[in-house]
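*Asks:* So here's protein00.cif, just mmCIF, C-alpha atoms:
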data_protein
loop_
_atom_site.group_PDB
_atom_site.id
_atom_site.type_symbol
_atom_site.label_atom_id
_atom_site.label_comp_id
_atom_site.auth_asym_id
_atom_site.auth_seq_id
_atom_site.Cartn_x
_atom_site.Cartn_y
_atom_site.Cartn_z
ATOM 1 C CA ARG A 1 -24.199 -6.561 6.585
ATOM 2 C CA ARG A 2 -21.712 -4.019 7.841
ATOM 3 C CA TRP A 3 -19.424 -4.797 4.902
ATOM 4 C CA ALA A 4 -22.174 -4.373 2.306
ATOM 5 C CA GLY A 5 -23.249 -1.005 3.675
ATOM 6 C CA LEU A 6 -19.689 0.195 4.096
ATOM 7 C CA ALA A 7 -18.652 -0.910 0.595
ATOM 8 C CA LYS A 8 -21.624 0.843 -0.999
ATOM 9 C CA LYS A 9 -20.948 4.013 0.971
ATOM 10 C CA LYS A 10 -17.202 4.045 0.219
ATOM 11 C CA GLU A 11 -17.562 3.462 -3.514
ATOM 12 C CA LYS A 12 -19.166 6.912 -3.728
ATOM 13 C CA GLN A 13 -16.431 8.696 -1.796
ATOM 14 C CA THR A 14 -13.169 10.235 -2.910
ATOM 15 C CA ALA A 15 -9.543 9.610 -2.009
ATOM 16 C CA ALA A 16 -9.698 12.586 0.359
ATOM 17 C CA ASP A 17 -11.952 10.451 2.542
ATOM 18 C CA ALA A 18 -9.152 7.937 3.187
ATOM 19 C CA ALA A 19 -8.056 9.767 6.342
ATOM 20 C CA SER A 20 -11.590 9.761 7.741
ATOM 21 C CA PHE A 21 -11.929 6.083 6.834
ATOM 22 C CA ALA A 22 -8.683 5.253 8.679
ATOM 23 C CA ARG A 23 -9.789 7.148 11.772
ATOM 24 C CA GLU A 24 -13.459 6.192 11.907
ATOM 25 C CA GLU A 25 -13.650 2.706 10.417
ATOM 26 C CA LEU A 26 -10.189 1.331 11.197
ATOM 27 C CA GLY A 27 -9.556 3.108 14.489
ATOM 28 C CA VAL A 28 -6.152 4.490 13.471
ATOM 29 C CA ALA A 29 -4.959 7.465 15.506
ATOM 30 C CA LEU A 30 -3.327 9.527 12.764
ATOM 31 C CA ASP A 31 -1.019 12.412 13.466
ATOM 32 C CA GLU A 32 -1.354 15.552 11.341
ATOM 33 C CA ARG A 33 1.146 14.506 8.647
ATOM 34 C CA GLN A 34 -0.240 10.984 8.358
ATOM 35 C CA GLY A 35 -3.727 12.415 7.942
ATOM 36 C CA GLU A 36 -2.496 14.805 5.242
ATOM 37 C CA LEU A 37 -0.828 11.939 3.403
ATOM 38 C CA LEU A 38 -3.991 9.829 3.376
ATOM 39 C CA ALA A 39 -6.221 12.784 2.528
ATOM 40 C CA SER A 40 -3.985 13.776 -0.390
ATOM 41 C CA GLY A 41 -5.046 10.747 -2.419
ATOM 42 C CA GLY A 42 -1.747 11.257 -4.222
ATOM 43 C CA LYS A 43 -1.152 9.586 -7.563
ATOM 44 C CA ARG A 44 2.608 9.604 -7.058
ATOM 45 C CA VAL A 45 3.722 9.803 -3.443
ATOM 46 C CA ILE A 46 7.173 9.732 -1.930
ATOM 47 C CA VAL A 47 7.682 9.753 1.838
ATOM 48 C CA ASN A 48 11.160 10.013 3.345
ATOM 49 C CA CYS A 49 10.873 9.848 7.120
ATOM 50 C CA CYS A 50 12.239 8.412 10.341
ATOM 51 C CA ARG A 51 11.829 4.864 11.598
ATOM 52 C CA GLN A 52 8.613 4.062 13.470
ATOM 53 C CA TRP A 53 6.737 6.986 11.878
ATOM 54 C CA GLY A 54 3.891 4.689 10.894
ATOM 55 C CA LYS A 55 4.636 4.194 7.191
ATOM 56 C CA SER A 56 3.362 0.616 7.120
ATOM 57 C CA THR A 57 0.235 1.449 9.110
ATOM 58 C CA VAL A 58 -0.647 4.378 6.852
ATOM 59 C CA ALA A 59 0.099 2.302 3.731
ATOM 60 C CA ALA A 60 -2.041 -0.598 5.000
ATOM 61 C CA ALA A 61 -4.890 1.829 5.773
ATOM 62 C CA MET A 62 -4.657 3.276 2.247
ATOM 63 C CA ALA A 63 -4.547 -0.226 0.741
ATOM 64 C CA VAL A 64 -7.689 -1.268 2.609
ATOM 65 C CA TYR A 65 -9.413 2.005 1.750
ATOM 66 C CA ARG A 66 -8.638 1.437 -1.934
ATOM 67 C CA ALA A 67 -9.800 -2.188 -1.737
ATOM 68 C CA VAL A 68 -13.109 -1.145 -0.161
ATOM 69 C CA SER A 69 -13.751 1.926 -2.292
ATOM 70 C CA LYS A 70 -12.886 0.439 -5.685
ATOM 71 C CA ALA A 71 -14.354 -2.982 -6.410
ATOM 72 C CA GLY A 72 -12.010 -5.388 -8.173
ATOM 73 C CA SER A 73 -8.905 -3.376 -7.405
ATOM 74 C CA LEU A 74 -5.447 -4.909 -7.146
ATOM 75 C CA ILE A 75 -3.100 -3.444 -4.574
ATOM 76 C CA LEU A 76 0.488 -4.694 -4.470
ATOM 77 C CA THR A 77 2.913 -4.187 -1.620
ATOM 78 C CA ALA A 78 6.605 -4.722 -2.242
ATOM 79 C CA SER A 79 9.622 -4.301 -0.031
ATOM 80 C CA PRO A 80 13.248 -5.421 0.089
ATOM 81 C CA GLY A 81 12.206 -8.730 1.639
ATOM 82 C CA GLU A 82 9.121 -10.912 1.841
ATOM 83 C CA ARG A 83 9.011 -10.550 5.641
ATOM 84 C CA GLN A 84 8.367 -6.812 5.332
ATOM 85 C CA SER A 85 5.697 -7.371 2.679
ATOM 86 C CA ARG A 86 4.050 -9.912 4.991
ATOM 87 C CA MET A 87 4.000 -7.396 7.839
ATOM 88 C CA LEU A 88 2.206 -4.774 5.745
ATOM 89 C CA VAL A 89 -0.338 -7.316 4.468
ATOM 90 C CA ARG A 90 -0.827 -8.562 8.048
ATOM 91 C CA LYS A 91 -1.764 -5.007 9.064
ATOM 92 C CA ALA A 92 -4.193 -4.834 6.160
ATOM 93 C CA ARG A 93 -5.698 -8.180 7.246
ATOM 94 C CA GLU A 94 -6.160 -6.827 10.792
ATOM 95 C CA PHE A 95 -7.906 -3.762 9.362
ATOM 96 C CA ALA A 96 -10.160 -6.023 7.270
ATOM 97 C CA ARG A 97 -11.142 -7.846 10.457
ATOM 98 C CA LYS A 98 -12.091 -4.506 12.026
ATOM 99 C CA LEU A 99 -14.516 -4.117 9.117
ATOM 100 C CA GLY A 100 -16.111 -7.415 10.065
ATOM 101 C CA LEU A 101 -14.511 -9.447 7.301
ATOM 102 C CA ALA A 102 -13.253 -12.979 7.694
ATOM 103 C CA ALA A 103 -9.708 -12.353 6.497
ATOM 104 C CA ARG A 104 -8.709 -14.874 3.879
ATOM 105 C CA GLY A 105 -6.144 -15.148 1.139
ATOM 106 C CA ASP A 106 -6.973 -14.779 -2.532
ATOM 107 C CA GLY A 107 -6.232 -18.438 -3.297
ATOM 108 C CA ASP A 108 -3.381 -17.613 -5.675
ATOM 109 C CA ASN A 109 -0.855 -15.761 -3.561
ATOM 110 C CA GLU A 110 0.465 -16.871 -0.202
ATOM 111 C CA VAL A 111 0.654 -13.316 1.159
ATOM 112 C CA SER A 112 -2.718 -11.776 0.308
ATOM 113 C CA VAL A 113 -6.095 -10.553 1.497
ATOM 114 C CA ALA A 114 -9.232 -10.955 -0.608
ATOM 115 C CA PHE A 115 -12.308 -8.747 -0.209
ATOM 116 C CA PRO A 116 -15.946 -9.617 -0.977
ATOM 117 C CA ASN A 117 -16.032 -7.029 -3.803
ATOM 118 C CA GLY A 118 -13.219 -8.788 -5.693
ATOM 119 C CA SER A 119 -10.433 -6.484 -4.534
ATOM 120 C CA ARG A 120 -7.124 -7.977 -3.449
ATOM 121 C CA ILE A 121 -4.078 -6.862 -1.515
ATOM 122 C CA VAL A 122 -1.012 -8.924 -2.394
ATOM 123 C CA GLY A 123 2.407 -8.799 -0.768
ATOM 124 C CA ILE A 124 5.223 -9.715 -3.098
ATOM 125 C CA PRO A 125 8.806 -10.688 -2.283
ATOM 126 C CA GLY A 126 11.785 -8.474 -2.992
ATOM 127 C CA ASN A 127 12.994 -10.539 -5.933
ATOM 128 C CA GLU A 128 12.678 -9.031 -9.407
ATOM 129 C CA GLU A 129 12.747 -12.466 -11.039
ATOM 130 C CA THR A 130 9.536 -13.601 -9.299
ATOM 131 C CA VAL A 131 7.385 -10.448 -9.209
ATOM 132 C CA ARG A 132 6.386 -10.442 -12.853
ATOM 133 C CA GLY A 133 2.891 -11.436 -13.912
ATOM 134 C CA PHE A 134 0.752 -8.761 -12.289
ATOM 135 C CA SER A 135 -1.005 -6.161 -14.400
ATOM 136 C CA GLY A 136 -3.768 -3.644 -13.914
ATOM 137 C CA VAL A 137 -2.395 -2.609 -10.533
ATOM 138 C CA ASP A 138 -4.446 0.170 -8.911
ATOM 139 C CA LEU A 139 -1.981 0.929 -6.124
ATOM 140 C CA LEU A 140 1.646 -0.124 -5.798
ATOM 141 C CA VAL A 141 3.182 0.500 -2.383
ATOM 142 C CA ILE A 142 6.935 0.070 -2.106
ATOM 143 C CA ASP A 143 7.835 -0.021 1.574
ATOM 144 C CA GLU A 144 11.422 0.820 2.593
ATOM 145 C CA ALA A 145 11.928 1.860 -1.023
ATOM 146 C CA ALA A 146 15.439 3.234 -0.417
ATOM 147 C CA TYR A 147 16.538 -0.345 0.270
ATOM 148 C CA VAL A 148 14.827 -1.859 -2.793
ATOM 149 C CA PRO A 149 17.280 -2.567 -5.625
ATOM 150 C CA ASP A 150 16.797 -0.604 -8.844
ATOM 151 C CA ASN A 151 16.192 -3.794 -10.859
ATOM 152 C CA LEU A 152 13.209 -4.686 -8.637
ATOM 153 C CA TYR A 153 11.786 -1.181 -8.999
ATOM 154 C CA HIS A 154 12.156 -1.367 -12.784
ATOM 155 C CA ALA A 155 10.370 -4.741 -12.796
ATOM 156 C CA LEU A 156 7.466 -3.295 -10.764
ATOM 157 C CA ARG A 157 6.829 0.002 -12.592
ATOM 158 C CA PRO A 158 5.351 -1.517 -15.803
ATOM 159 C CA MET A 159 2.557 -2.996 -13.675
ATOM 160 C CA LEU A 160 1.087 0.509 -13.486
ATOM 161 C CA ALA A 161 1.273 1.245 -17.222
ATOM 162 C CA ALA A 162 -2.106 -0.058 -18.395
ATOM 163 C CA SER A 163 -4.074 0.905 -15.301
ATOM 164 C CA GLY A 164 -2.465 4.277 -14.627
ATOM 165 C CA GLY A 165 -2.338 3.112 -11.015
ATOM 166 C CA ASP A 166 -0.917 5.022 -8.093
ATOM 167 C CA LEU A 167 2.638 4.617 -6.812
ATOM 168 C CA TRP A 168 3.595 5.162 -3.181
ATOM 169 C CA LEU A 169 7.295 5.088 -2.272
ATOM 170 C CA LEU A 170 7.817 5.018 1.494
ATOM 171 C CA SER A 171 11.182 4.785 3.214
ATOM 172 C CA THR A 172 13.737 5.803 5.731
ATOM 173 C CA PRO A 173 16.884 7.303 4.167
ATOM 174 C CA ASN A 174 19.668 5.082 2.844
ATOM 175 C CA GLY A 175 22.290 7.405 1.379
ATOM 176 C CA GLN A 176 22.532 9.133 -1.969
ATOM 177 C CA ARG A 177 21.998 6.149 -4.251
ATOM 178 C CA GLY A 178 19.277 4.242 -6.043
ATOM 179 C CA PHE A 179 15.936 5.126 -7.597
ATOM 180 C CA PHE A 180 14.442 6.326 -4.304
ATOM 181 C CA TRP A 181 17.165 8.915 -3.734
ATOM 182 C CA ARG A 182 17.092 10.029 -7.390
ATOM 183 C CA THR A 183 13.313 10.444 -7.220
ATOM 184 C CA TRP A 184 13.517 12.296 -3.901
ATOM 185 C CA ALA A 185 16.320 14.587 -5.085
ATOM 186 C CA ALA A 186 15.142 15.271 -8.639
ATOM 187 C CA GLY A 187 11.399 14.680 -8.506
#
Kindly return the structure encoded in the file as structure tokens.

*Replies:*
Amino acid sequence: RRWAGLAKKKEKQTAADAASFAREELGVALDERQGELLASGGKRVIVNCCRQWGKSTVAAAMAVYRAVSKAGSLILTASPGERQSRMLVRKAREFARKLGLAARGDGDNEVSVAFPNGSRIVGIPGNEETVRGFSGVDLLVIDEAAYVPDNLYHALRPMLAASGGDLWLLSTPNGQRGFFWRTWAAG
């Protein structure tokens, strides 16, 4: 029952409500910057910050918010390695449990969370040869983006073309190289 009421309520809210959702429904203690990031509802977001800032937690909260507030949405999380993608999806699964959901996979992808409204969060490995096949992505989160090879990034970007989905690049610095640095430096 809690899920049904929450889903109905959230479908009428805006992206700016993501910070309130994280605090009130998921119990995340956001600092000021994390709250601003979630409240921004940014279409294209790039975060360059220190280790242990809470990138994965904030990204998982946004992924769950999107899954709850937009029925049938597809949220992909990518990172340099499958282990990191698993960790972000695990956080999303824990948040889903806080909403009273029996966390389960989507039946197609080993690293995934399915929601009663048809939304899915899927963690994909850091291998450009095996990430193809997803389309209509509503939110693509690339965690530790400065460490993701350019060829993987270029394989992921077309997944947003048809849907006009959002792209979040989150990372700690890794020198002046790669798509993350070019995006950070040149916009």

*Asks:* Do you have the atom CA of His154 of chain A-atom CA of Pro173 of chain A distance handy?

*Replies:* 19.6 Å

*Asks:* Excluding Phe179 of chain A and its own-chain neighbours fewer than 4 positions away, which residues fall within 10 Å of it when counting only C-alpha atoms? Please give them as an mmCIF file with C-alpha atoms, keeping the file's coordinate frame.

*Replies:*
data_model
loop_
_atom_site.group_PDB
_atom_site.id
_atom_site.type_symbol
_atom_site.label_atom_id
_atom_site.label_comp_id
_atom_site.auth_asym_id
_atom_site.auth_seq_id
_atom_site.Cartn_x
_atom_site.Cartn_y
_atom_site.Cartn_z
ATOM 1 C CA ALA A 145 11.928 1.860 -1.023
ATOM 2 C CA ALA A 146 15.439 3.234 -0.417
ATOM 3 C CA TYR A 147 16.538 -0.345 0.270
ATOM 4 C CA VAL A 148 14.827 -1.859 -2.793
ATOM 5 C CA PRO A 149 17.280 -2.567 -5.625
ATOM 6 C CA ASP A 150 16.797 -0.604 -8.844
ATOM 7 C CA ASN A 151 16.192 -3.794 -10.859
ATOM 8 C CA TYR A 153 11.786 -1.181 -8.999
ATOM 9 C CA HIS A 154 12.156 -1.367 -12.784
ATOM 10 C CA THR A 183 13.313 10.444 -7.220
ATOM 11 C CA TRP A 184 13.517 12.296 -3.901
ATOM 12 C CA ALA A 185 16.320 14.587 -5.085
#

*Asks:* Hey, what's within 12 Å of Val113 of chain A if we count all atoms listed in the file and toss same-chain stuff fewer than 3 positions away? As a ChimeraX atom specification, please?

*Replies:* /A:60,63-64,67-68,73-77,86,88-97,101-110,116-123

*Asks:* Skipping near chain neighbours, those fewer than 3 positions away, what residues fall within 9 Å of segment 33-37 of chain A using all atoms listed in the file, listed as number ranges by chain?

*Replies:* A: 16, 18-20, 22-23, 30, 40-42, 45, 47, 53-55, 58

*Asks:* So, with only C-alpha atoms as the atoms that count, which of A:Val131, A:Val28, A:Leu139, A:Val111 lies closest to Lys70 of chain A?

*Replies:*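 Between A:Val131, A:Val28, A:Leu139, A:Val111, the residue approaching Lys70 of chain A most closely is A:Leu139.
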
*Asks:* Quick check, in Å to one decimal: how far apart do atom CA of Gly126 of chain A and atom CA of Val141 of chain A lie?

*Replies:*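 Answer for the atom CA of Gly126 of chain A to atom CA of Val141 of chain A separation: 12.4 Å.
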
*Asks:* Could you tell me which residues the PyMOL selection byres ((chain A and resi 142) around 8) returns for this structure, as a list in words?

*Replies:* Thr77, Ala78, Ser79, Leu140, Val141, Asp143, Glu144, Ala145, Leu167, Trp168, Leu169 and Leu170 of chain A

*Asks:* Just the number, please: distance in Å from atom CA of Phe115 of chain A to atom CA of Leu38 of chain A, one decimal.

*Replies:*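 Taking atom CA of Phe115 of chain A as the start and atom CA of Leu38 of chain A as the end point, the length is 20.7 Å.
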
*Asks:* Please output segment 98-110 of chain A, rebuilt to include N, CA, C and O atoms, as a PDB file, keeping the file's coordinate frame.

*Replies:*
ATOM      1  N   LYS A  98     -11.360  -5.587  11.353  1.00  0.00           N
ATOM      2  CA  LYS A  98     -12.091  -4.506  12.026  1.00  0.00           C
ATOM      3  C   LYS A  98     -13.339  -4.112  11.244  1.00  0.00           C
ATOM      4  O   LYS A  98     -14.269  -3.550  11.808  1.00  0.00           O
ATOM      5  N   LEU A  99     -13.345  -4.398   9.953  1.00  0.00           N
ATOM      6  CA  LEU A  99     -14.516  -4.117   9.117  1.00  0.00           C
ATOM      7  C   LEU A  99     -15.525  -5.255   9.159  1.00  0.00           C
ATOM      8  O   LEU A  99     -16.546  -5.213   8.483  1.00  0.00           O
ATOM      9  N   GLY A 100     -15.208  -6.285   9.938  1.00  0.00           N
ATOM     10  CA  GLY A 100     -16.111  -7.415  10.065  1.00  0.00           C
ATOM     11  C   GLY A 100     -15.913  -8.490   9.022  1.00  0.00           C
ATOM     12  O   GLY A 100     -16.780  -9.342   8.828  1.00  0.00           O
ATOM     13  N   LEU A 101     -14.783  -8.456   8.341  1.00  0.00           N
ATOM     14  CA  LEU A 101     -14.511  -9.447   7.301  1.00  0.00           C
ATOM     15  C   LEU A 101     -13.740 -10.628   7.857  1.00  0.00           C
ATOM     16  O   LEU A 101     -12.843 -10.453   8.682  1.00  0.00           O
ATOM     17  N   ALA A 102     -14.065 -11.803   7.393  1.00  0.00           N
ATOM     18  CA  ALA A 102     -13.253 -12.979   7.694  1.00  0.00           C
ATOM     19  C   ALA A 102     -12.047 -12.888   6.767  1.00  0.00           C
ATOM     20  O   ALA A 102     -12.175 -13.057   5.559  1.00  0.00           O
ATOM     21  N   ALA A 103     -10.904 -12.551   7.322  1.00  0.00           N
ATOM     22  CA  ALA A 103      -9.708 -12.353   6.497  1.00  0.00           C
ATOM     23  C   ALA A 103      -9.269 -13.677   5.896  1.00  0.00           C
ATOM     24  O   ALA A 103      -9.085 -14.658   6.594  1.00  0.00           O
ATOM     25  N   ARG A 104      -9.154 -13.681   4.581  1.00  0.00           N
ATOM     26  CA  ARG A 104      -8.709 -14.874   3.879  1.00  0.00           C
ATOM     27  C   ARG A 104      -7.783 -14.451   2.754  1.00  0.00           C
ATOM     28  O   ARG A 104      -7.800 -13.295   2.321  1.00  0.00           O
ATOM     29  N   GLY A 105      -7.013 -15.411   2.271  1.00  0.00           N
ATOM     30  CA  GLY A 105      -6.144 -15.148   1.139  1.00  0.00           C
ATOM     31  C   GLY A 105      -6.937 -15.178  -0.156  1.00  0.00           C
ATOM     32  O   GLY A 105      -8.118 -15.548  -0.174  1.00  0.00           O
ATOM     33  N   ASP A 106      -6.275 -14.811  -1.241  1.00  0.00           N
ATOM     34  CA  ASP A 106      -6.973 -14.779  -2.532  1.00  0.00           C
ATOM     35  C   ASP A 106      -6.951 -16.117  -3.261  1.00  0.00           C
ATOM     36  O   ASP A 106      -7.530 -16.251  -4.326  1.00  0.00           O
ATOM     37  N   GLY A 107      -6.278 -17.116  -2.683  1.00  0.00           N
ATOM     38  CA  GLY A 107      -6.232 -18.438  -3.297  1.00  0.00           C
ATOM     39  C   GLY A 107      -5.114 -18.626  -4.296  1.00  0.00           C
ATOM     40  O   GLY A 107      -4.807 -19.743  -4.683  1.00  0.00           O
ATOM     41  N   ASP A 108      -4.485 -17.536  -4.715  1.00  0.00           N
ATOM     42  CA  ASP A 108      -3.381 -17.613  -5.675  1.00  0.00           C
ATOM     43  C   ASP A 108      -2.045 -17.215  -5.082  1.00  0.00           C
ATOM     44  O   ASP A 108      -1.008 -17.695  -5.523  1.00  0.00           O
ATOM     45  N   ASN A 109      -2.080 -16.318  -4.122  1.00  0.00           N
ATOM     46  CA  ASN A 109      -0.855 -15.761  -3.561  1.00  0.00           C
ATOM     47  C   ASN A 109      -0.805 -16.026  -2.062  1.00  0.00           C
ATOM     48  O   ASN A 109      -1.775 -15.754  -1.355  1.00  0.00           O
ATOM     49  N   GLU A 110       0.328 -16.510  -1.609  1.00  0.00           N
ATOM     50  CA  GLU A 110       0.465 -16.871  -0.202  1.00  0.00           C
ATOM     51  C   GLU A 110       0.256 -15.676   0.721  1.00  0.00           C
ATOM     52  O   GLU A 110      -0.371 -15.784   1.771  1.00  0.00           O
TER      53      GLU A 110
END
